[in-house]
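S.K.: Structure file final-v3.cif (mmCIF, C-alpha atoms, pLDDT in the B column; chains and numbers go by the auth columns) is given on the next line.
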```
data_target
#
loop_
_atom_site.group_PDB
_atom_site.id
_atom_site.type_symbol
_atom_site.label_atom_id
_atom_site.label_comp_id
_atom_site.label_asym_id
_atom_site.label_seq_id
_atom_site.Cartn_x
_atom_site.Cartn_y
_atom_site.Cartn_z
_atom_site.B_iso_or_equiv
_atom_site.auth_seq_id
_atom_site.auth_asym_id
ATOM 1 C CA MET A 1 123.134 146.873 97.000 60.00 8 A
ATOM 2 C CA LYS A 2 125.459 149.007 99.102 65.00 9 A
ATOM 3 C CA THR A 3 124.209 150.659 102.238 66.00 10 A
ATOM 4 C CA TYR A 4 125.748 153.692 103.834 65.00 11 A
ATOM 5 C CA LYS A 5 124.885 154.871 107.308 66.00 12 A
ATOM 6 C CA TYR A 6 125.292 158.533 108.193 63.00 13 A
ATOM 7 C CA PRO A 7 124.620 159.981 111.630 65.00 14 A
ATOM 8 C CA LEU A 8 122.350 163.019 111.550 61.00 15 A
ATOM 9 C CA TYR A 9 123.779 165.686 113.809 65.00 16 A
ATOM 10 C CA ASP A 10 122.342 169.161 114.334 65.00 17 A
ATOM 11 C CA GLN A 11 124.309 170.682 111.483 68.00 18 A
ATOM 12 C CA SER A 12 122.898 172.785 108.714 69.00 19 A
ATOM 13 C CA ASN A 13 123.708 170.216 106.019 64.00 20 A
ATOM 14 C CA THR A 14 121.916 167.365 107.833 71.00 21 A
ATOM 15 C CA ILE A 15 118.859 169.198 109.137 74.00 22 A
ATOM 16 C CA ARG A 16 117.215 168.847 105.710 76.00 23 A
ATOM 17 C CA LEU A 17 117.729 165.065 105.805 76.00 24 A
ATOM 18 C CA GLY A 18 116.215 164.943 109.289 78.00 25 A
ATOM 19 C CA ASN A 19 113.185 166.874 108.059 83.00 26 A
ATOM 20 C CA LEU A 20 112.946 164.473 105.121 86.00 27 A
ATOM 21 C CA LEU A 21 112.925 161.525 107.535 88.00 28 A
ATOM 22 C CA ASP A 22 110.186 163.203 109.583 91.00 29 A
ATOM 23 C CA ASP A 23 108.000 163.645 106.513 92.00 30 A
ATOM 24 C CA ILE A 24 108.541 160.074 105.283 94.00 31 A
ATOM 25 C CA TRP A 25 107.696 158.858 108.805 94.00 32 A
ATOM 26 C CA GLN A 26 104.420 160.819 108.570 95.00 33 A
ATOM 27 C CA VAL A 27 103.640 158.946 105.339 96.00 34 A
ATOM 28 C CA HIS A 28 104.503 155.674 107.121 96.00 35 A
ATOM 29 C CA VAL A 29 102.107 156.449 109.987 96.00 36 A
ATOM 30 C CA TYR A 30 99.324 157.690 107.701 97.00 37 A
ATOM 31 C CA PHE A 31 99.280 154.568 105.534 97.00 38 A
ATOM 32 C CA HIS A 32 99.452 152.152 108.470 96.00 39 A
ATOM 33 C CA GLU A 33 96.476 153.922 110.039 97.00 40 A
ATOM 34 C CA TRP A 34 94.687 153.983 106.668 97.00 41 A
ATOM 35 C CA GLN A 35 95.154 150.218 106.257 95.00 42 A
ATOM 36 C CA ARG A 36 93.922 149.614 109.815 94.00 43 A
ATOM 37 C CA GLN A 37 90.832 151.751 109.198 96.00 44 A
ATOM 38 C CA ARG A 38 90.099 149.853 105.983 94.00 45 A
ATOM 39 C CA TYR A 39 90.335 146.585 107.946 92.00 46 A
ATOM 40 C CA LYS A 40 87.939 147.896 110.640 95.00 47 A
ATOM 41 C CA ASP A 41 85.488 148.992 107.938 96.00 48 A
ATOM 42 C CA GLY A 42 85.530 145.500 106.417 95.00 49 A
ATOM 43 C CA LEU A 43 87.342 146.592 103.257 94.00 50 A
ATOM 44 C CA PRO A 44 90.125 144.499 101.732 92.00 51 A
ATOM 45 C CA SER A 45 93.714 145.503 102.307 91.00 52 A
ATOM 46 C CA ALA A 46 94.873 148.048 99.727 94.00 53 A
ATOM 47 C CA ASN A 47 97.643 146.855 97.431 95.00 54 A
ATOM 48 C CA HIS A 48 100.708 148.854 96.433 96.00 55 A
ATOM 49 C CA ALA A 49 99.037 150.395 93.370 96.00 56 A
ATOM 50 C CA ALA A 50 96.013 151.538 95.399 96.00 57 A
ATOM 51 C CA MET A 51 98.271 153.094 98.024 97.00 58 A
ATOM 52 C CA CYS A 52 100.281 154.902 95.323 96.00 59 A
ATOM 53 C CA ALA A 53 97.070 156.243 93.793 97.00 60 A
ATOM 54 C CA HIS A 54 95.870 157.390 97.232 97.00 61 A
ATOM 55 C CA LEU A 55 99.243 159.034 97.879 97.00 62 A
ATOM 56 C CA THR A 56 98.977 160.938 94.598 96.00 63 A
ATOM 57 C CA GLU A 57 95.526 162.160 95.588 97.00 64 A
ATOM 58 C CA LEU A 58 96.804 163.217 99.023 97.00 65 A
ATOM 59 C CA LYS A 59 99.668 165.164 97.444 96.00 66 A
ATOM 60 C CA ARG A 60 97.161 166.972 95.274 96.00 67 A
ATOM 61 C CA THR A 61 94.676 167.801 98.032 95.00 68 A
ATOM 62 C CA THR A 62 95.473 167.629 101.749 94.00 69 A
ATOM 63 C CA GLN A 63 99.236 167.009 101.943 94.00 70 A
ATOM 64 C CA PRO A 64 100.884 169.250 99.308 94.00 71 A
ATOM 65 C CA HIS A 65 104.170 169.353 101.268 93.00 72 A
ATOM 66 C CA TRP A 66 104.663 165.638 100.445 94.00 73 A
ATOM 67 C CA LYS A 67 105.343 166.649 96.825 93.00 74 A
ATOM 68 C CA ALA A 68 108.886 167.615 97.863 89.00 75 A
ATOM 69 C CA LEU A 69 109.689 164.079 99.050 90.00 76 A
ATOM 70 C CA PRO A 70 111.595 161.699 96.762 87.00 77 A
ATOM 71 C CA SER A 71 108.963 159.660 94.948 89.00 78 A
ATOM 72 C CA GLN A 72 111.034 156.469 94.871 89.00 79 A
ATOM 73 C CA ALA A 73 111.552 156.629 98.641 90.00 80 A
ATOM 74 C CA LEU A 74 107.784 156.959 99.113 94.00 81 A
ATOM 75 C CA GLN A 75 107.104 154.066 96.735 93.00 82 A
ATOM 76 C CA GLU A 76 109.569 151.851 98.610 92.00 83 A
ATOM 77 C CA GLU A 77 107.928 152.729 101.928 94.00 84 A
ATOM 78 C CA LEU A 78 104.496 151.865 100.501 96.00 85 A
ATOM 79 C CA LYS A 79 105.920 148.618 99.140 95.00 86 A
ATOM 80 C CA ARG A 80 107.208 147.695 102.618 94.00 87 A
ATOM 81 C CA ILE A 81 103.797 148.414 104.137 95.00 88 A
ATOM 82 C CA HIS A 82 102.054 146.369 101.440 96.00 89 A
ATOM 83 C CA LEU A 83 104.374 143.384 101.989 95.00 90 A
ATOM 84 C CA ALA A 84 103.910 143.589 105.765 95.00 91 A
ATOM 85 C CA TYR A 85 100.123 143.447 105.437 94.00 92 A
ATOM 86 C CA ASP A 86 100.351 140.638 102.864 95.00 93 A
ATOM 87 C CA ARG A 87 102.417 138.587 105.309 95.00 94 A
ATOM 88 C CA PHE A 88 99.922 139.353 108.083 93.00 95 A
ATOM 89 C CA PHE A 89 96.898 138.211 106.086 90.00 96 A
ATOM 90 C CA LYS A 90 98.717 135.060 104.942 94.00 97 A
ATOM 91 C CA LYS A 91 99.402 134.292 108.632 94.00 98 A
ATOM 92 C CA LEU A 92 103.181 134.491 108.095 95.00 99 A
ATOM 93 C CA GLY A 93 103.764 137.253 110.604 91.00 100 A
ATOM 94 C CA GLY A 94 102.214 139.392 113.273 93.00 101 A
ATOM 95 C CA ARG A 95 100.202 142.555 112.832 91.00 102 A
ATOM 96 C CA PRO A 96 102.330 145.295 111.266 94.00 103 A
ATOM 97 C CA LYS A 97 103.296 147.973 113.734 93.00 104 A
ATOM 98 C CA ILE A 98 103.856 151.676 113.303 94.00 105 A
ATOM 99 C CA LYS A 99 107.502 152.472 113.938 92.00 106 A
ATOM 100 C CA LYS A 100 108.208 155.056 116.591 92.00 107 A
ATOM 101 C CA ARG A 101 109.731 158.248 115.261 89.00 108 A
ATOM 102 C CA HIS A 102 113.069 157.764 116.989 86.00 109 A
ATOM 103 C CA LYS A 103 113.372 154.257 115.477 86.00 110 A
ATOM 104 C CA PHE A 104 112.584 155.450 111.948 84.00 111 A
ATOM 105 C CA ARG A 105 116.115 156.177 110.782 79.00 112 A
ATOM 106 C CA SER A 106 116.338 155.351 107.102 79.00 113 A
ATOM 107 C CA PHE A 107 114.701 155.473 103.722 79.00 114 A
ATOM 108 C CA THR A 108 115.591 153.855 100.424 80.00 115 A
ATOM 109 C CA LEU A 109 116.840 155.786 97.418 74.00 116 A
ATOM 110 C CA LYS A 110 116.981 153.532 94.370 75.00 117 A
ATOM 111 C CA GLN A 111 118.254 154.825 91.028 70.00 118 A
ATOM 112 C CA THR A 112 118.123 158.441 92.090 58.00 119 A
ATOM 113 C CA GLY A 113 121.602 159.481 91.056 60.00 120 A
ATOM 114 C CA TRP A 114 123.315 159.683 94.437 59.00 121 A
ATOM 115 C CA SER A 115 126.950 158.792 94.883 59.00 122 A
ATOM 116 C CA LEU A 116 129.467 158.971 97.692 55.00 123 A
ATOM 117 C CA MET A 117 132.176 161.495 96.797 59.00 124 A
ATOM 118 C CA ASP A 118 134.823 162.769 99.205 59.00 125 A
ATOM 119 C CA GLY A 119 132.848 161.491 102.190 54.00 126 A
ATOM 120 C CA TYR A 120 129.686 163.446 101.267 55.00 127 A
ATOM 121 C CA ASN A 121 126.496 162.550 99.444 51.00 128 A
ATOM 122 C CA LYS A 122 126.201 164.476 96.215 51.00 129 A
ATOM 123 C CA ALA A 123 123.516 164.314 93.598 51.00 130 A
ATOM 124 C CA LEU A 124 124.692 163.490 90.102 47.00 131 A
#
```
As structure tokens, please, write out the structure in this file.

M.R.:
Amino acid sequence: MKTYKYPLYDQSNTIRLGNLLDDIWQVHVYFHEWQRQRYKDGLPSANHAAMCAHLTELKRTTQPHWKALPSQALQEELKRIHLAYDRFFKKLGGRPKIKKRHKFRSFTLKQTGWSLMDGYNKAL
């Protein structure tokens, strides 16, 4: 897999990507807090499928602005959260932490039809 890193400056063409990162970070925070609340309530940790189902319900009811986010990026974020909690409960790592906003700098786009052309990201 190739990874490209682009700095996000205050330009009109990158403001949308910055807003996208903010919204995906909100999803990140929400699901970490949701998992922690489930743990406090004595419920088992939610797996990836349960988190995806909960995300769909949230998009339909309380968070309709999340519908505009790339679904594969959200699924990858939920997968990372699920794996972090799996490692925690198997005693292979520490308690998963919520990333600070200024450290949340990337999201994954798999199979979404993006390519690097002339130094710019363009959708195919």

S.K.: For the interface of segment 31-91 of chain A with segment 102-113 of chain A (cut-off 10 Å, counting all atoms listed in the file), please tabulate each contacting residue of segment 31-91 of chain A alongside its nearest pair of atoms and their separation in Å to one decimal, rows sorted by chain and increasing number, as CSV.

M.R.:
```
residue,atom,partner,partner_atom,distance
A:Ile31,CA,A:Phe111,CA,9.1
A:Trp32,CA,A:Phe111,CA,6.7
A:Gln33,CA,A:Arg108,CA,8.9
A:His35,CA,A:Ile105,CA,7.4
A:Val36,CA,A:Ile105,CA,6.1
A:Tyr37,CA,A:Ile105,CA,9.4
A:Phe38,CA,A:Ile105,CA,9.5
A:His39,CA,A:Ile105,CA,6.6
A:Glu40,CA,A:Ile105,CA,8.4
A:Arg43,CA,A:Pro103,CA,9.6
A:Ala80,CA,A:Ser113,CA,9.8
A:Ile88,CA,A:Pro103,CA,7.9
A:His89,CA,A:Pro103,CA,9.9
A:Leu90,CA,A:Pro103,CA,9.7
A:Ala91,CA,A:Pro103,CA,6.0
```

S.K.: Please evaluate the PyMOL selection byres ((chain A and resi 58) around 12) against the displayed coordinates and give the resulting residues as a VMD selection string.

M.R.: chain A and resid 34 to 35 37 to 39 41 to 42 45 52 to 57 59 to 65 81 to 89

S.K.: Find the distance between atom CA of Asp93 of chain A and atom CA of Ala75 of chain A and write it in Å to one decimal.

M.R.: 28.7 Å

S.K.: May I ask for the distance between atom CA of Leu116 of chain A and atom CA of Phe95 of chain A, given in Å to one decimal place?

M.R.: 25.9 Å

S.K.: Around segment 49-58 of chain A, with edges along x, y and z and 8 Å added on all six sides, what centre and edge lengths do you get, in Å to one decimal, as AutoDock Vina command-line options?

M.R.:
```
--center_x 93.1 --center_y 148.8 --center_z 99.9 --size_x 31.2 --size_y 24.6 --size_z 29.0
```

S.K.: When you draw a straight line from atom CA of Gln79 of chain A to atom CA of Gln44 of chain A, how long is it in Å?

M.R.: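 These two atoms are separated by 25.2 Å.
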
S.K.: Could you model N, CA, C and O atoms for segment 90-102 of chain A and present them as a PDB file, keeping the file's coordinate frame?

M.R.:
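Ended up saving to result_11.pdb:
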```pdb
ATOM      1  N   LEU A  90     103.846 144.718 101.714  1.00 95.00           N
ATOM      2  CA  LEU A  90     104.374 143.384 101.989  1.00 95.00           C
ATOM      3  C   LEU A  90     104.108 142.961 103.435  1.00 95.00           C
ATOM      4  O   LEU A  90     103.831 141.789 103.707  1.00 95.00           O
ATOM      5  N   ALA A  91     104.180 143.906 104.363  1.00 95.00           N
ATOM      6  CA  ALA A  91     103.910 143.589 105.765  1.00 95.00           C
ATOM      7  C   ALA A  91     102.462 143.141 105.942  1.00 95.00           C
ATOM      8  O   ALA A  91     102.188 142.155 106.652  1.00 95.00           O
ATOM      9  N   TYR A  92     101.523 143.835 105.304  1.00 94.00           N
ATOM     10  CA  TYR A  92     100.123 143.447 105.437  1.00 94.00           C
ATOM     11  C   TYR A  92      99.831 142.151 104.679  1.00 94.00           C
ATOM     12  O   TYR A  92      98.999 141.354 105.109  1.00 94.00           O
ATOM     13  N   ASP A  93     100.507 141.917 103.566  1.00 95.00           N
ATOM     14  CA  ASP A  93     100.351 140.638 102.864  1.00 95.00           C
ATOM     15  C   ASP A  93     100.785 139.478 103.757  1.00 95.00           C
ATOM     16  O   ASP A  93     100.097 138.462 103.846  1.00 95.00           O
ATOM     17  N   ARG A  94     101.932 139.636 104.405  1.00 95.00           N
ATOM     18  CA  ARG A  94     102.417 138.587 105.309  1.00 95.00           C
ATOM     19  C   ARG A  94     101.432 138.378 106.467  1.00 95.00           C
ATOM     20  O   ARG A  94     101.184 137.248 106.878  1.00 95.00           O
ATOM     21  N   PHE A  95     100.878 139.453 106.973  1.00 93.00           N
ATOM     22  CA  PHE A  95      99.922 139.353 108.083  1.00 93.00           C
ATOM     23  C   PHE A  95      98.685 138.565 107.671  1.00 93.00           C
ATOM     24  O   PHE A  95      98.236 137.670 108.393  1.00 93.00           O
ATOM     25  N   PHE A  96      98.125 138.877 106.514  1.00 90.00           N
ATOM     26  CA  PHE A  96      96.898 138.211 106.086  1.00 90.00           C
ATOM     27  C   PHE A  96      97.141 136.773 105.638  1.00 90.00           C
ATOM     28  O   PHE A  96      96.221 135.962 105.640  1.00 90.00           O
ATOM     29  N   LYS A  97      98.385 136.448 105.273  1.00 94.00           N
ATOM     30  CA  LYS A  97      98.717 135.060 104.942  1.00 94.00           C
ATOM     31  C   LYS A  97      99.147 134.272 106.173  1.00 94.00           C
ATOM     32  O   LYS A  97      99.598 133.141 106.069  1.00 94.00           O
ATOM     33  N   LYS A  98      99.047 134.902 107.344  1.00 94.00           N
ATOM     34  CA  LYS A  98      99.402 134.292 108.632  1.00 94.00           C
ATOM     35  C   LYS A  98     100.884 133.921 108.702  1.00 94.00           C
ATOM     36  O   LYS A  98     101.263 132.938 109.329  1.00 94.00           O
ATOM     37  N   LEU A  99     101.733 134.723 108.058  1.00 95.00           N
ATOM     38  CA  LEU A  99     103.181 134.491 108.095  1.00 95.00           C
ATOM     39  C   LEU A  99     103.892 135.406 109.082  1.00 95.00           C
ATOM     40  O   LEU A  99     105.095 135.292 109.279  1.00 95.00           O
ATOM     41  N   GLY A 100     103.159 136.325 109.658  1.00 91.00           N
ATOM     42  CA  GLY A 100     103.764 137.253 110.604  1.00 91.00           C
ATOM     43  C   GLY A 100     102.693 137.909 111.450  1.00 91.00           C
ATOM     44  O   GLY A 100     101.494 137.731 111.222  1.00 91.00           O
ATOM     45  N   GLY A 101     103.141 138.688 112.403  1.00 93.00           N
ATOM     46  CA  GLY A 101     102.214 139.392 113.273  1.00 93.00           C
ATOM     47  C   GLY A 101     101.654 140.645 112.610  1.00 93.00           C
ATOM     48  O   GLY A 101     102.001 140.979 111.482  1.00 93.00           O
ATOM     49  N   ARG A 102     100.804 141.327 113.344  1.00 91.00           N
ATOM     50  CA  ARG A 102     100.202 142.555 112.832  1.00 91.00           C
ATOM     51  C   ARG A 102     101.280 143.615 112.647  1.00 91.00           C
ATOM     52  O   ARG A 102     102.078 143.851 113.560  1.00 91.00           O
TER      53      ARG A 102
END
```
